[in-house]
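Visitor: Dropping in coords_19.txt, with compact mmCIF, C-alpha atoms and all ligand atoms.
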```txt
# COMPACT_ATOMS: atom_id res chain seq x y z
CA MET A 1 64.19 -42.38 -32.91
CA LEU A 2 60.85 -42.20 -34.67
CA ARG A 3 61.00 -40.27 -37.92
CA ILE A 4 58.08 -38.54 -39.53
CA ASP A 5 58.59 -37.80 -43.22
CA ILE A 6 56.53 -34.82 -44.22
CA PRO A 7 55.98 -34.27 -47.93
CA VAL A 8 56.34 -30.70 -49.17
CA PRO A 9 53.96 -29.27 -50.06
CA SER A 10 51.39 -30.65 -47.69
CA VAL A 11 48.98 -29.52 -45.04
CA VAL A 12 50.05 -30.75 -41.62
CA VAL A 13 47.17 -30.65 -39.15
CA LEU A 14 48.26 -30.65 -35.51
CA MET A 15 45.63 -31.82 -33.04
CA GLY A 16 45.53 -31.78 -29.29
CA ALA A 17 43.94 -30.24 -26.25
CA SER A 18 45.29 -27.02 -24.82
CA GLY A 19 48.64 -27.75 -23.21
CA ALA A 20 49.24 -30.82 -25.38
CA GLY A 21 52.29 -29.10 -26.82
CA LYS A 22 51.19 -28.27 -30.37
CA SER A 23 52.89 -24.88 -30.59
CA SER A 24 56.06 -26.21 -28.94
CA PHE A 25 56.12 -29.17 -31.34
CA ALA A 26 55.58 -26.86 -34.30
CA ARG A 27 58.38 -24.54 -33.23
CA SER A 28 60.75 -27.48 -32.79
CA PHE A 29 60.35 -28.83 -36.27
CA PHE A 30 59.05 -26.14 -38.58
CA GLY A 31 60.00 -22.63 -39.58
CA PRO A 32 58.02 -19.66 -38.31
CA THR A 33 56.50 -18.95 -41.73
CA GLU A 34 55.42 -22.57 -42.15
CA ILE A 35 53.33 -22.48 -38.98
CA LEU A 36 49.81 -21.09 -39.31
CA SER A 37 48.65 -20.61 -35.76
CA SER A 38 45.09 -19.60 -34.94
CA ASP A 39 46.42 -17.85 -31.82
CA ARG A 40 48.92 -15.90 -33.86
CA PHE A 41 46.22 -14.76 -36.29
CA ARG A 42 44.02 -13.70 -33.34
CA ALA A 43 46.93 -11.62 -32.12
CA LEU A 44 47.47 -10.13 -35.56
CA VAL A 45 43.90 -8.85 -35.79
CA ALA A 46 43.16 -8.14 -32.11
CA ASP A 47 46.52 -7.80 -30.35
CA ASP A 48 45.44 -10.66 -28.14
CA GLU A 49 46.01 -14.37 -28.74
CA ASN A 50 43.20 -15.19 -26.34
CA ASN A 51 40.53 -12.96 -27.84
CA GLN A 52 37.91 -15.54 -28.82
CA ALA A 53 35.82 -12.84 -30.49
CA ALA A 54 38.57 -12.62 -33.10
CA THR A 55 38.29 -16.30 -33.99
CA SER A 56 36.33 -15.91 -37.18
CA ASP A 57 38.66 -13.24 -38.59
CA ALA A 58 41.66 -15.26 -37.46
CA PHE A 59 40.58 -18.37 -39.35
CA GLU A 60 39.61 -16.37 -42.40
CA LEU A 61 43.19 -15.09 -42.52
CA LEU A 62 44.65 -18.49 -41.73
CA TYR A 63 42.86 -20.00 -44.74
CA LEU A 64 43.79 -17.07 -46.95
CA VAL A 65 47.49 -17.42 -46.09
CA ALA A 66 47.33 -21.21 -46.46
CA ARG A 67 45.92 -20.81 -49.96
CA LYS A 68 48.58 -18.32 -50.95
CA ARG A 69 51.27 -20.64 -49.61
CA LEU A 70 49.90 -23.82 -51.19
CA ARG A 71 49.70 -22.07 -54.50
CA ARG A 72 53.46 -21.63 -54.17
CA LYS A 73 53.86 -25.21 -52.98
CA ARG A 74 54.87 -24.13 -49.51
CA LEU A 75 54.33 -26.27 -46.43
CA CYS A 76 51.41 -25.33 -44.15
CA VAL A 77 51.39 -26.51 -40.54
CA ILE A 78 48.07 -25.78 -38.87
CA ASP A 79 48.56 -25.02 -35.19
CA ALA A 80 45.10 -25.05 -33.62
CA THR A 81 43.35 -27.50 -31.32
CA ASN A 82 41.49 -29.10 -34.28
CA ILE A 83 39.47 -31.15 -31.84
CA ARG A 84 36.35 -31.93 -33.86
CA GLU A 85 36.03 -33.29 -37.35
CA ARG A 86 34.22 -30.16 -38.45
CA ASP A 87 37.11 -28.04 -37.15
CA ARG A 88 39.60 -29.79 -39.38
CA ALA A 89 37.62 -30.93 -42.44
CA GLY A 90 38.48 -27.69 -44.24
CA TYR A 91 42.20 -28.49 -44.17
CA VAL A 92 41.75 -31.85 -45.85
CA ALA A 93 39.57 -30.18 -48.47
CA LEU A 94 42.21 -27.50 -48.96
CA ALA A 95 44.97 -30.09 -49.45
CA ARG A 96 42.80 -31.96 -51.93
CA GLU A 97 42.03 -28.77 -53.80
CA PHE A 98 45.73 -28.08 -54.23
CA GLY A 99 46.59 -31.69 -55.01
CA CYS A 100 48.81 -32.27 -51.99
CA PRO A 101 48.59 -34.61 -48.99
CA ALA A 102 47.14 -33.79 -45.59
CA VAL A 103 49.06 -35.17 -42.61
CA ALA A 104 47.47 -35.55 -39.17
CA ILE A 105 49.64 -35.33 -36.06
CA ILE A 106 47.79 -35.93 -32.81
CA LEU A 107 49.63 -34.93 -29.66
CA ASP A 108 48.45 -36.80 -26.59
CA PRO A 109 50.72 -36.47 -23.57
CA GLY A 110 47.75 -37.47 -21.39
CA ILE A 111 45.05 -35.39 -19.76
CA ASP A 112 46.98 -34.82 -16.54
CA VAL A 113 49.96 -33.38 -18.39
CA CYS A 114 47.70 -31.11 -20.47
CA ILE A 115 46.05 -29.80 -17.31
CA GLU A 116 49.34 -29.34 -15.45
CA ARG A 117 50.94 -27.46 -18.30
CA THR A 118 47.90 -25.27 -18.86
CA LYS A 119 47.74 -24.45 -15.17
CA ALA A 120 51.38 -23.43 -15.15
CA ARG A 121 50.98 -20.96 -17.98
CA SER A 122 50.99 -17.25 -17.32
CA ASP A 123 49.96 -16.27 -20.86
CA ARG A 124 46.64 -18.10 -20.83
CA ASP A 125 43.85 -18.84 -18.43
CA ILE A 126 42.05 -21.99 -19.56
CA SER A 127 40.04 -23.91 -17.01
CA ARG A 128 40.65 -27.53 -16.21
CA GLU A 129 37.09 -28.26 -17.36
CA ILE A 130 37.75 -26.84 -20.80
CA VAL A 131 40.95 -28.85 -21.17
CA ARG A 132 39.09 -32.00 -20.07
CA GLN A 133 36.32 -31.31 -22.56
CA GLN A 134 38.77 -30.71 -25.42
CA TYR A 135 40.67 -33.85 -24.49
CA SER A 136 37.62 -36.10 -24.38
CA GLU A 137 36.13 -34.62 -27.56
CA LEU A 138 39.35 -35.38 -29.40
CA GLN A 139 39.42 -38.91 -28.00
CA GLU A 140 35.84 -39.41 -29.17
CA SER A 141 36.63 -38.23 -32.67
CA LEU A 142 39.78 -40.34 -33.07
CA HIS A 143 37.89 -43.22 -34.68
CA SER A 144 36.73 -41.00 -37.53
CA LEU A 145 40.26 -39.79 -38.33
CA ASN A 146 40.96 -42.88 -40.42
CA HIS A 147 38.21 -41.88 -42.79
CA GLU A 148 38.82 -38.16 -43.02
CA GLY A 149 41.29 -38.33 -45.89
CA TYR A 150 44.71 -37.96 -44.30
CA SER A 151 47.63 -39.61 -46.09
CA GLN A 152 49.48 -40.07 -42.79
CA LEU A 153 48.17 -40.29 -39.25
CA TRP A 154 50.52 -39.97 -36.30
CA TYR A 155 49.25 -40.50 -32.79
CA LEU A 156 51.97 -39.41 -30.41
CA ARG A 157 51.95 -40.02 -26.69
CA GLU A 158 54.35 -38.34 -24.29
CA ALA A 159 57.27 -40.74 -24.87
CA SER A 160 57.02 -40.61 -28.64
CA ILE A 161 56.66 -36.82 -28.67
CA ALA A 162 60.06 -36.69 -26.96
CA ALA A 163 61.60 -39.20 -29.36
CA ILE A 164 60.40 -37.84 -32.66
CA THR A 165 62.29 -36.29 -35.52
CA VAL A 166 60.71 -34.69 -38.53
CA ALA A 167 62.20 -34.77 -42.03
CA LEU A 168 60.81 -32.65 -44.83
CA GLN A 169 60.60 -34.42 -48.19
CA ALA A 170 60.69 -31.75 -50.83
CA GLY A 171 58.93 -32.59 -54.07
CA SER A 172 60.26 -31.67 -57.46
CA PRO A 173 59.96 -27.95 -58.14
CA GLN A 174 56.92 -27.11 -60.19
CA ARG A 175 55.26 -23.94 -61.23
CA PRO A 176 52.73 -22.51 -58.79
CA ILE A 177 49.35 -24.12 -59.24
CA SER A 178 46.18 -22.15 -59.48
CA PRO A 179 42.97 -23.94 -58.64
CA ALA A 180 39.72 -22.70 -60.08
CA GLY A 181 38.79 -19.30 -58.73
CA GLU A 182 42.22 -18.51 -57.32
CA THR A 183 43.39 -15.25 -58.86
CA ASP A 184 46.05 -14.05 -56.43
N1 LIG B 201 57.31 -31.83 -24.66
C1 LIG B 201 57.17 -30.92 -23.68
N2 LIG B 201 57.83 -31.09 -22.52
C2 LIG B 201 57.70 -30.20 -21.53
N3 LIG B 201 56.92 -29.11 -21.57
C3 LIG B 201 56.27 -28.87 -22.71
C4 LIG B 201 56.34 -29.77 -23.83
N4 LIG B 201 55.56 -29.31 -24.81
C5 LIG B 201 55.01 -28.17 -24.35
N5 LIG B 201 55.44 -27.91 -23.08
C6 LIG B 201 55.05 -26.76 -22.26
O1 LIG B 201 53.64 -26.85 -22.07
C7 LIG B 201 53.04 -25.58 -22.22
C8 LIG B 201 51.99 -25.68 -23.31
O2 LIG B 201 52.64 -26.01 -24.53
P1 LIG B 201 52.11 -25.45 -25.91
O3 LIG B 201 51.94 -23.96 -25.84
O4 LIG B 201 53.03 -25.95 -26.97
O5 LIG B 201 50.69 -26.16 -25.96
P2 LIG B 201 49.56 -25.99 -27.05
O6 LIG B 201 49.10 -27.36 -27.40
O7 LIG B 201 50.05 -25.16 -28.16
O8 LIG B 201 48.42 -25.25 -26.22
P3 LIG B 201 47.28 -24.26 -26.78
O9 LIG B 201 46.26 -25.11 -27.46
O10 LIG B 201 46.73 -23.62 -25.54
O11 LIG B 201 47.93 -23.29 -27.69
C9 LIG B 201 54.15 -24.60 -22.53
O12 LIG B 201 54.48 -23.92 -21.35
C10 LIG B 201 55.29 -25.46 -23.00
O13 LIG B 201 56.52 -24.89 -22.68
MG MG B 202 49.44 -23.34 -28.91
```
As structure tokens, what does this structure read like?
Ligand SMILES: Nc1ncnc2c1ncn2[C@@H]1O[C@H](COP(=O)(O)OP(=O)(O)OP(=O)(O)O)[C@@H](O)[C@H]1O
Ligand SMILES: [Mg+2]
Guide:
Amino acid sequence: MLRIDIPVPSVVVLMGASGAGKSSFARSFFGPTEILSSDRFRALVADDENNQAATSDAFELLYLVARKRLRRKRLCVIDATNIRERDRAGYVALAREFGCPAVAIILDPGIDVCIERTKARSDRDISREIVRQQYSELQESLHSLNHEGYSQLWYLREASIAAITVALQAGSPQRPISPAGETD
């Protein structure tokens, strides 16, 4: 069994193409309020997880909630594809701002599995081409991950995804922190 120790608080950034299993992974190991899902925030503002026009509002809310949670030293698990460095740089900056670690978890069950699972889904219609593009973009950006500021990097292939356990390492209780400009 492979164990991932996640410090609390921290910002856990899940990465993976559509169908890689990010939301399933998140649900297996984290509580519903710990998971900040871009799809969920799209649904909250537009009643539709797949409404791409709601993306900007969804991420605005995601960051707002993450800030409110980090201020209370709560864990934040970011469930979005986070394919490109520019998609995820904000989370590392956020963790740094609140003085906590950022943890990267890359889910890579393989392109064929991602495509198969996406095809089988009734809740989402994502083309094989888009999944391929997401997959290869993430592969191309893997080399930069070492330099993006994560305190832990986990690259999980299909077998390790199935064998993983996650343990939360709670820090000592402290008063909520308030970075400059944060007024609640
Ligand atoms: N480890 C797994 N074994 C078998 N099936 C899985 C596994 N993980 C996820 N699935 C299935 O694959 C499909 C896609 O999983 P999931 O929704 O977690 O992917 P995702 O990475 O969140 O995709 P998206 O980026 O589109 O939100 C779901 O139907 C889910 O039940
Ligand atoms: Mg998902």
Visitor: Counting all atoms listed in the file, which protein, DNA or RNA residues come within 8 Å of ligand MG 202 (chain B), given as a PyMOL selection string?
Guide: chain A and resi 18-19+21-24+37+39+79-81
Visitor: Name the closest residue to Asp125 (chain A) among the candidates A:Ile35, A:Arg157, A:Gln139, A:Glu49; distances are taken between atoms, counting only C-alpha atoms.
Guide: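 Going through A:Ile35, A:Arg157, A:Gln139, A:Glu49 one by one, the smallest distance to Asp125 (chain A) is for A:Glu49.
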Visitor: Quote the spacing between atom O13 of ligand LIG 201 (chain B) and CA of Ala104 (chain A) in Å to one decimal place.
Guide: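 That distance, rounded to one decimal, is 21.6 Å.
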Visitor: Which residues, written as a ChimeraX atom specification, have at least one atom at most 7 Å from Ile111 (chain A), with only C-alpha atoms counted and residues fewer than 3 positions away on the same chain left out?
Guide: /A:114-115,132,135
Visitor: Give me the residues near Cys76 (chain A) as a PyMOL selection string, where near means some atom within 7 Å (using all atoms listed in the file) and where sequence neighbours in that chain fewer than 4 positions away do not count.
Guide: chain A and resi 10-12+34-36+66
Visitor: Within 10 Å of Val113 (chain A), counting only C-alpha atoms, which residues show up once you throw out same-chain ones fewer than 5 positions away? Write them as JSON, numbers by chain, please.
Guide: {"A": [19, 20, 21, 108, 118, 119, 158]}
Visitor: Identify which of the residues A:Leu70, A:Leu2, A:Ile130, A:Ala102 lies closest to ligand LIG 201 (chain B), counting all atoms listed in the file when measuring atom-to-atom distances.
Guide: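 Residue with the minimum atom-to-atom distance to ligand LIG 201 (chain B): A:Ile130.
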Visitor: Considering all atoms listed in the file, state which residue in the set A:Gln169, A:Ser56, A:Ser144, A:Ser127 is at the smallest distance from ligand LIG 201 (chain B).
Guide: A:Ser127
Visitor: Once you add 3 Å to each side, what are the centre and edge lengths of the axis-aligned box holding all listed atoms of ligand LIG 201 (chain B)? One decimal in Å, as JSON, if you can.
Guide:
```
{"center_x": 52.0, "center_y": -27.6, "center_z": -24.8, "size_x": 17.6, "size_y": 14.5, "size_z": 12.8}
```
Visitor: Within 12 Å of region 164-168 of chain A, which residues of region 22-109 of chain A show up? Give each one with its shortest atom-to-atom distance in Å (one decimal) and the two atoms involved, counting all atoms listed in the file, rows by chain then rising residue number, as JSON lines.
Guide:
```
{"residue": "A:Phe25", "atom": "CA", "partner": "A:Ile164", "partner_atom": "CA", "distance": 9.8}
{"residue": "A:Ala26", "atom": "CA", "partner": "A:Val166", "partner_atom": "CA", "distance": 10.3}
{"residue": "A:Arg27", "atom": "CA", "partner": "A:Val166", "partner_atom": "CA", "distance": 11.7}
{"residue": "A:Ser28", "atom": "CA", "partner": "A:Val166", "partner_atom": "CA", "distance": 9.2}
{"residue": "A:Phe29", "atom": "CA", "partner": "A:Val166", "partner_atom": "CA", "distance": 6.3}
{"residue": "A:Phe30", "atom": "CA", "partner": "A:Val166", "partner_atom": "CA", "distance": 8.7}
{"residue": "A:Gly31", "atom": "CA", "partner": "A:Leu168", "partner_atom": "CA", "distance": 11.3}
{"residue": "A:Glu34", "atom": "CA", "partner": "A:Leu168", "partner_atom": "CA", "distance": 11.7}
{"residue": "A:Arg74", "atom": "CA", "partner": "A:Leu168", "partner_atom": "CA", "distance": 11.4}
{"residue": "A:Leu75", "atom": "CA", "partner": "A:Leu168", "partner_atom": "CA", "distance": 9.2}
{"residue": "A:Cys76", "atom": "CA", "partner": "A:Leu168", "partner_atom": "CA", "distance": 11.9}
{"residue": "A:Ile105", "atom": "CA", "partner": "A:Val166", "partner_atom": "CA", "distance": 11.4}
{"residue": "A:Leu107", "atom": "CA", "partner": "A:Ile164", "partner_atom": "CA", "distance": 11.6}
```
Visitor: Between atom C7 of ligand LIG 201 (chain B) and CA of Glu137 (chain A), what distance in Å does the model show, to one decimal?
Guide: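 Computing the Euclidean distance for atom C7 of ligand LIG 201 (chain B) and CA of Glu137 (chain A) yields 19.9 Å.
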Visitor: Which residue is closest to ligand LIG 201 (chain B)? Choose from A:Ser136, A:Thr55, A:Ser141, A:Asn82 and count all atoms listed in the file.
Guide: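 Smallest distance to ligand LIG 201 (chain B) is found for A:Asn82.
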Visitor: Please, what distance in Å, to one decimal, runs between CA of Leu62 (chain A) and CA of Asp87 (chain A)?
Guide: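 Going from CA of Leu62 (chain A) over to CA of Asp87 (chain A), I get 13.0 Å.
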Visitor: If we count only C-alpha atoms and set the cut-off at 7 Å, which residues sit around Ser151 (chain A), ignoring sequence neighbours fewer than 2 positions away in its own chain? Please answer as a PDB file with C-alpha atoms, in the coordinates of the input.
Guide:
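Saved file result.pdb follows:
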```
ATOM      1  CA  PRO A 101      48.590 -34.610 -48.990  1.00  0.00           C
ATOM      2  CA  ALA A 102      47.140 -33.790 -45.590  1.00  0.00           C
ATOM      3  CA  VAL A 103      49.060 -35.170 -42.610  1.00  0.00           C
ATOM      4  CA  GLY A 149      41.290 -38.330 -45.890  1.00  0.00           C
ATOM      5  CA  LEU A 153      48.170 -40.290 -39.250  1.00  0.00           C
TER       6      LEU A 153
END
```
Visitor: When you count only C-alpha atoms and all ligand atoms, which of these residues is closest to ligand LIG 201 (chain B): A:Asp5, A:Glu97, A:Asp112, A:Asp47?
Guide: A:Asp112
